[in-house]
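Read the structure below first, then the notes.
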Amino acid sequence: MIELGTVLGVWAHPDDETYLCGAIMAAAVRSGCRVVCVTATRGELGSTDAQRWPPGQALADVRTAELENALRRLGVAEHHWLDYPDGGCADVDPAAAVARLRAIVDDVQPETVLTFGPDGMTGDPDHQAVSRWTLDAVGDDARVHFATNTPEWLAAWRPRLDAVGAFMGAEPPCTAVAELSIHCVAEGDVLDAKYAAITSQISQVEPMFEVFGADDLRTALAEEAFRAAGQAAP
């Protein structure tokens with residue numbers, strides 16, 4: 001993995017950060033880099049079981065605590081909530097959202113910014129809005145990297161992800177390894193930290209255990225892939 005310097009991750013919902021860049025963040029922290037995470041919403045609509053975790057404020061509280069635990073497992077000490085409504089990011093005044101993110105960018109001065117691509121990974125409008133805000137706030141796409149998947153990873157794991165609707169019916173982004181700007185295959189204590197972080201978010205990850213099992217889930221979580229924002233989408 002390349003030297004990333006100060007890392008800023010900008011995501012829509014609790015657990016986005018852990019699935020997509022938990023290992024990168026953990027590795028960066030362990031190498032002495034500053035790592036800052038931004039989450040746009042509390043994820044109050046993202047219930048995987050409406051009886052156990054009914055959508056609304058109670059679920060927002062659960063997911064808030066889960067994310068705080070996850071970030072502790074990763075070693076990330078700096079986090080910002082934007083507190084926009086889950087499912088409503090596309091309706092937020094973009095100028096206001098960009099201004100808030102720009103203030104964070106100006107403070108953090110990141111060398112590396114991680115976020116969704118325009119595809120939003122799953123086509124989720126919240127994800128897509130966060131991608132637009134981040135690009136506008138940073139103002140220099142040389143620092144921005146978009147989450148993607150490798151063909152090999154999709155070939156191995158997509159059938160099980162489709163079984164739980166992980167991509168929400170969208171075609172997931174796919175980028176050849178040779179075209180990636182950041183490629184992390186975690187192992188050892190970094191993978192341990194990511195696995196601990198994602199299992200801290202049980203309200204979201206439980207369906208994954210049902211289709212993966214613990215060992216395969218851990219293996220699937222090891223790879224994280226990003227492409228440069230300035231690179232044409234495949």
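Ligands are numbered from 1 in the order shown, chains are lettered A, B, ... in the order of the structure tokens, and residues start at 1 in each chain.
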Practice task
Looking only at alpha helix (DSSP H) from DSSP on the backbone, list the matching residues of segment 60-184 of chain A as a ChimeraX atom specification.
Solution key: /A:60-74,94-108,120-123,125-138,151-163
Which residues of segment 67-154 of chain A come within 12 Å of segment 207-221 of chain A, and what is each one's closest atom pair and distance in Å (one decimal), counting only C-alpha atoms, sorted by chain and residue number, as a Markdown table?
| residue | atom | partner | partner_atom | distance |
| --- | --- | --- | --- | --- |
| A:Asn149 | CA | A:Ala220 | CA | 11.3 |
| A:Thr150 | CA | A:Ala220 | CA | 11.8 |
| A:Glu152 | CA | A:Ala220 | CA | 11.0 |
| A:Trp153 | CA | A:Ala220 | CA | 7.7 |
| A:Leu154 | CA | A:Ala220 | CA | 9.8 |
Any chance you can output those residues with all heavy atoms as an mmCIF file, in the first residue's frame?
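Final output, saved to out-v2.cif:
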data_model
loop_
_atom_site.group_PDB
_atom_site.id
_atom_site.type_symbol
_atom_site.label_atom_id
_atom_site.label_comp_id
_atom_site.auth_asym_id
_atom_site.auth_seq_id
_atom_site.Cartn_x
_atom_site.Cartn_y
_atom_site.Cartn_z
ATOM 1 N N ASN A 149 -14.180 -2.140 -6.532
ATOM 2 C CA ASN A 149 -13.948 -3.562 -6.288
ATOM 3 C C ASN A 149 -13.060 -4.104 -7.395
ATOM 4 O O ASN A 149 -13.096 -3.610 -8.528
ATOM 5 C CB ASN A 149 -15.266 -4.348 -6.308
ATOM 6 C CG ASN A 149 -16.311 -3.796 -5.372
ATOM 7 O OD1 ASN A 149 -16.254 -4.000 -4.171
ATOM 8 N ND2 ASN A 149 -17.289 -3.071 -5.921
ATOM 9 N N THR A 150 -12.300 -5.126 -7.094
ATOM 10 C CA THR A 150 -11.532 -5.771 -8.151
ATOM 11 C C THR A 150 -12.377 -6.879 -8.793
ATOM 12 O O THR A 150 -13.288 -7.430 -8.156
ATOM 13 C CB THR A 150 -10.238 -6.393 -7.613
ATOM 14 O OG1 THR A 150 -10.557 -7.436 -6.687
ATOM 15 C CG2 THR A 150 -9.382 -5.333 -6.931
ATOM 16 N N GLU A 152 -11.533 -9.876 -9.359
ATOM 17 C CA GLU A 152 -11.316 -11.123 -8.622
ATOM 18 C C GLU A 152 -12.163 -11.171 -7.353
ATOM 19 O O GLU A 152 -12.733 -12.221 -7.005
ATOM 20 C CB GLU A 152 -9.833 -11.264 -8.274
ATOM 21 C CG GLU A 152 -8.915 -11.400 -9.476
ATOM 22 C CD GLU A 152 -8.576 -10.079 -10.165
ATOM 23 O OE1 GLU A 152 -8.966 -8.996 -9.658
ATOM 24 O OE2 GLU A 152 -7.915 -10.147 -11.219
ATOM 25 N N TRP A 153 -12.253 -10.027 -6.678
ATOM 26 C CA TRP A 153 -13.043 -9.981 -5.450
ATOM 27 C C TRP A 153 -14.526 -10.193 -5.761
ATOM 28 O O TRP A 153 -15.212 -10.957 -5.077
ATOM 29 C CB TRP A 153 -12.820 -8.635 -4.759
ATOM 30 C CG TRP A 153 -13.362 -8.556 -3.359
ATOM 31 C CD1 TRP A 153 -12.707 -8.876 -2.213
ATOM 32 C CD2 TRP A 153 -14.675 -8.128 -2.976
ATOM 33 N NE1 TRP A 153 -13.529 -8.665 -1.125
ATOM 34 C CE2 TRP A 153 -14.739 -8.212 -1.569
ATOM 35 C CE3 TRP A 153 -15.785 -7.690 -3.683
ATOM 36 C CZ2 TRP A 153 -15.885 -7.882 -0.853
ATOM 37 C CZ3 TRP A 153 -16.935 -7.353 -2.979
ATOM 38 C CH2 TRP A 153 -16.975 -7.444 -1.577
ATOM 39 N N LEU A 154 -15.003 -9.536 -6.796
ATOM 40 C CA LEU A 154 -16.412 -9.708 -7.169
ATOM 41 C C LEU A 154 -16.701 -11.139 -7.597
ATOM 42 O O LEU A 154 -17.759 -11.700 -7.260
ATOM 43 C CB LEU A 154 -16.783 -8.735 -8.286
ATOM 44 C CG LEU A 154 -16.944 -7.272 -7.867
ATOM 45 C CD1 LEU A 154 -17.137 -6.398 -9.100
ATOM 46 C CD2 LEU A 154 -18.120 -7.092 -6.904
#
Problem - Top pick for closest residue to Asn69 of chain A, considering A:Gly123, A:Pro14, A:Gly9, A:Gly188 and counting only C-alpha atoms - result: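 Closest to Asn69 of chain A of all the choices is A:Pro14.
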Counting only C-alpha atoms, what are the residues of segment 139-230 of chain A within 9 Å of segment 72-89 of chain A, and for each of them which pair of atoms is the nearest and at what distance in Å, to one decimal? Sort the table by chain and rising number, as JSON lines.
{"residue": "A:Val190", "atom": "CA", "partner": "A:Leu74", "partner_atom": "CA", "distance": 8.1}
{"residue": "A:Ala193", "atom": "CA", "partner": "A:Leu74", "partner_atom": "CA", "distance": 5.5}
{"residue": "A:Lys194", "atom": "CA", "partner": "A:Leu74", "partner_atom": "CA", "distance": 6.4}
{"residue": "A:Ala196", "atom": "CA", "partner": "A:Arg73", "partner_atom": "CA", "distance": 6.4}
{"residue": "A:Ala197", "atom": "CA", "partner": "A:Arg73", "partner_atom": "CA", "distance": 5.4}
{"residue": "A:Ser200", "atom": "CA", "partner": "A:Arg73", "partner_atom": "CA", "distance": 8.5}
Selection export as an mmCIF file, in the first residue's frame, atoms kept: N, CA and C atoms:
data_model
loop_
_atom_site.group_PDB
_atom_site.id
_atom_site.type_symbol
_atom_site.label_atom_id
_atom_site.label_comp_id
_atom_site.auth_asym_id
_atom_site.auth_seq_id
_atom_site.Cartn_x
_atom_site.Cartn_y
_atom_site.Cartn_z
ATOM 1 N N VAL A 190 -3.946 -5.723 11.549
ATOM 2 C CA VAL A 190 -4.795 -4.775 10.817
ATOM 3 C C VAL A 190 -6.114 -5.441 10.435
ATOM 4 N N ALA A 193 -8.213 -5.854 13.478
ATOM 5 C CA ALA A 193 -8.878 -4.617 13.871
ATOM 6 C C ALA A 193 -10.108 -4.362 13.009
ATOM 7 N N LYS A 194 -9.988 -4.598 11.704
ATOM 8 C CA LYS A 194 -11.143 -4.381 10.838
ATOM 9 C C LYS A 194 -12.256 -5.362 11.169
ATOM 10 N N ALA A 196 -12.849 -6.823 14.022
ATOM 11 C CA ALA A 196 -13.441 -6.403 15.300
ATOM 12 C C ALA A 196 -14.340 -5.197 15.106
ATOM 13 N N ALA A 197 -13.927 -4.280 14.226
ATOM 14 C CA ALA A 197 -14.719 -3.071 13.994
ATOM 15 C C ALA A 197 -16.042 -3.397 13.312
ATOM 16 N N SER A 200 -18.442 -5.010 15.549
ATOM 17 C CA SER A 200 -19.017 -4.071 16.513
ATOM 18 C C SER A 200 -20.328 -3.484 15.998
#
Exercise for the section: Take atom CA of Gly43 of chain A and atom CA of Thr175 of chain A and report the distance between them in Å, one decimal. Expected result: 27.9 Å
Exercise for the section: Rounded to one decimal place, report the atom CA of Ile202 of chain A-atom CA of Ala65 of chain A distance in Å. Expected result: 11.0 Å
Practice task
Within segment 2-223 of chain A, find each residue whose DSSP state, derived from the backbone, is strand (DSSP E or B), and express the selection as a ChimeraX atom specification.
Solution key: /A:7-11,35-41,78-84,112-115,144-148,182-185,223
Those selected residues, please, written with N, CA, C and O atoms and delivered as a compact mmCIF listing (two decimals), in the first residue's frame.
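Final output, saved to result_37.txt:
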# COMPACT_ATOMS: atom_id res chain seq x y z
N VAL A 7 -5.06 11.07 6.28
CA VAL A 7 -6.19 10.44 5.58
C VAL A 7 -7.50 11.01 6.10
O VAL A 7 -7.72 11.09 7.31
N LEU A 8 -8.38 11.38 5.16
CA LEU A 8 -9.74 11.81 5.49
C LEU A 8 -10.70 10.91 4.74
O LEU A 8 -10.64 10.78 3.51
N GLY A 9 -11.60 10.26 5.47
CA GLY A 9 -12.65 9.45 4.86
C GLY A 9 -13.98 10.15 5.02
O GLY A 9 -14.30 10.65 6.11
N VAL A 10 -14.76 10.21 3.94
CA VAL A 10 -16.07 10.87 3.98
C VAL A 10 -17.11 9.87 3.49
O VAL A 10 -17.08 9.44 2.33
N TRP A 11 -18.06 9.54 4.37
CA TRP A 11 -19.00 8.46 4.10
C TRP A 11 -20.42 8.87 4.47
O TRP A 11 -20.63 9.90 5.13
N VAL A 35 -5.67 10.22 10.96
CA VAL A 35 -6.83 9.69 10.24
C VAL A 35 -8.08 10.34 10.80
O VAL A 35 -8.31 10.33 12.01
N VAL A 36 -8.89 10.90 9.92
CA VAL A 36 -10.13 11.58 10.30
C VAL A 36 -11.26 10.98 9.49
O VAL A 36 -11.12 10.74 8.28
N CYS A 37 -12.39 10.75 10.13
CA CYS A 37 -13.55 10.17 9.47
C CYS A 37 -14.75 11.11 9.61
O CYS A 37 -14.97 11.69 10.68
N VAL A 38 -15.52 11.23 8.53
CA VAL A 38 -16.75 12.02 8.52
C VAL A 38 -17.90 11.10 8.13
O VAL A 38 -17.78 10.32 7.18
N THR A 39 -19.02 11.21 8.85
CA THR A 39 -20.21 10.42 8.54
C THR A 39 -21.38 11.37 8.40
O THR A 39 -21.67 12.16 9.29
N ALA A 40 -22.08 11.28 7.27
CA ALA A 40 -23.12 12.25 6.96
C ALA A 40 -24.40 12.05 7.75
O ALA A 40 -25.08 13.01 8.09
N THR A 41 -24.77 10.79 8.03
CA THR A 41 -26.03 10.50 8.71
C THR A 41 -25.80 9.52 9.85
O THR A 41 -24.74 8.90 9.94
N GLU A 78 -10.48 10.75 15.58
CA GLU A 78 -11.12 11.98 15.11
C GLU A 78 -12.29 11.63 14.19
O GLU A 78 -12.10 10.99 13.15
N HIS A 79 -13.47 12.07 14.60
CA HIS A 79 -14.68 11.75 13.83
C HIS A 79 -15.64 12.92 13.87
O HIS A 79 -15.78 13.59 14.91
N HIS A 80 -16.32 13.17 12.74
CA HIS A 80 -17.31 14.24 12.64
C HIS A 80 -18.63 13.67 12.13
O HIS A 80 -18.63 12.94 11.12
N TRP A 81 -19.72 14.00 12.80
CA TRP A 81 -21.06 13.73 12.29
C TRP A 81 -21.57 14.99 11.58
O TRP A 81 -21.45 16.09 12.11
N LEU A 82 -22.15 14.82 10.41
CA LEU A 82 -22.84 15.94 9.77
C LEU A 82 -24.31 16.01 10.17
O LEU A 82 -24.95 17.04 10.04
N ASP A 83 -24.86 14.87 10.64
CA ASP A 83 -26.23 14.80 11.14
C ASP A 83 -27.28 15.19 10.10
O ASP A 83 -28.27 15.86 10.42
N TYR A 84 -27.07 14.77 8.89
CA TYR A 84 -28.10 14.89 7.86
C TYR A 84 -29.03 13.68 7.94
O TYR A 84 -28.66 12.63 8.48
N THR A 112 -4.73 12.36 1.46
CA THR A 112 -5.54 11.30 0.87
C THR A 112 -6.97 11.44 1.35
O THR A 112 -7.22 11.52 2.55
N VAL A 113 -7.91 11.48 0.41
CA VAL A 113 -9.34 11.57 0.73
C VAL A 113 -10.03 10.34 0.13
O VAL A 113 -9.92 10.08 -1.08
N LEU A 114 -10.72 9.60 0.96
CA LEU A 114 -11.41 8.38 0.54
C LEU A 114 -12.91 8.59 0.62
O LEU A 114 -13.43 9.07 1.63
N THR A 115 -13.62 8.21 -0.44
CA THR A 115 -15.08 8.37 -0.45
C THR A 115 -15.66 7.48 -1.54
O THR A 115 -14.96 6.69 -2.18
N VAL A 144 -8.30 12.72 -4.16
CA VAL A 144 -9.51 11.95 -3.88
C VAL A 144 -9.43 10.58 -4.55
O VAL A 144 -9.03 10.46 -5.71
N HIS A 145 -9.87 9.57 -3.80
CA HIS A 145 -9.88 8.20 -4.29
C HIS A 145 -11.27 7.61 -4.06
O HIS A 145 -11.84 7.74 -2.97
N PHE A 146 -11.79 6.96 -5.10
CA PHE A 146 -13.14 6.41 -5.07
C PHE A 146 -13.12 4.91 -4.76
O PHE A 146 -12.35 4.15 -5.37
N ALA A 147 -14.00 4.48 -3.86
CA ALA A 147 -14.11 3.07 -3.52
C ALA A 147 -14.57 2.26 -4.73
O ALA A 147 -15.47 2.67 -5.48
N THR A 148 -13.95 1.10 -4.92
CA THR A 148 -14.30 0.22 -6.03
C THR A 148 -14.08 -1.22 -5.59
O THR A 148 -13.83 -1.50 -4.41
N ILE A 182 -5.07 2.82 -4.87
CA ILE A 182 -4.81 2.25 -3.53
C ILE A 182 -5.35 0.84 -3.53
O ILE A 182 -6.50 0.60 -3.90
N HIS A 183 -4.52 -0.10 -3.12
CA HIS A 183 -4.94 -1.50 -3.03
C HIS A 183 -4.38 -2.08 -1.74
O HIS A 183 -3.16 -2.12 -1.54
N CYS A 184 -5.26 -2.47 -0.85
CA CYS A 184 -4.87 -3.00 0.45
C CYS A 184 -5.41 -4.41 0.58
O CYS A 184 -6.60 -4.66 0.37
N VAL A 185 -4.54 -5.35 0.92
CA VAL A 185 -4.96 -6.70 1.28
C VAL A 185 -4.46 -6.91 2.70
O VAL A 185 -3.27 -7.16 2.94
N GLU A 223 -9.65 -7.33 1.51
CA GLU A 223 -9.27 -6.48 0.37
C GLU A 223 -10.06 -5.18 0.35
O GLU A 223 -11.27 -5.18 0.47
Problem - Nearest candidate to Ser203 of chain A (options A:Leu20, A:Arg34, A:Thr6, A:Val62; using only C-alpha atoms) - result: A:Val62
Problem - Nearest candidate to Leu180 of chain A (options A:Arg30, A:Arg42, A:Arg227, A:Arg63; using only C-alpha atoms) - result: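 Closest to Leu180 of chain A of all the choices is A:Arg227.
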Practice task
Counting only C-alpha atoms, figure out which residue out of A:Ala12, A:Val164, A:Ala58, A:Asp107 gets nearest to Glu206 of chain A.
Solution key: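 With only C-alpha atoms as the atom set, the closest residue is A:Val164.
For Asp162 of chain A, the non-local neighbours within 12 Å, defined as residues at least 4 positions apart in the same chain or in other chains and counting only C-alpha atoms, are Thr122, Leu154, Ala155, Ala156, Trp157, Arg158, Ala166, Phe167, Met168, Gly169, Ala170, Glu171, Pro172, Pro207, Met208, Val211 and Phe212 of chain A.
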Problem - Selected residue of minimal separation from Gln57 of chain A among A:Leu45, A:Ala142, A:Ala28, A:Ala222, counting only C-alpha atoms - result: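 Between A:Leu45, A:Ala142, A:Ala28, A:Ala222, the residue approaching Gln57 of chain A most closely is A:Leu45.
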Fill in the blank from the handout: The residue from A:Glu187, A:Glu179, A:Asp15, A:Glu68 with the smallest atom-to-atom distance to Ala229 of chain A, counting only C-alpha atoms, is A:Glu179
Fill in the blank from the handout: The distance between atom CA of Thr48 of chain A and atom CA of Ala60 of chain A is 13.1 Å
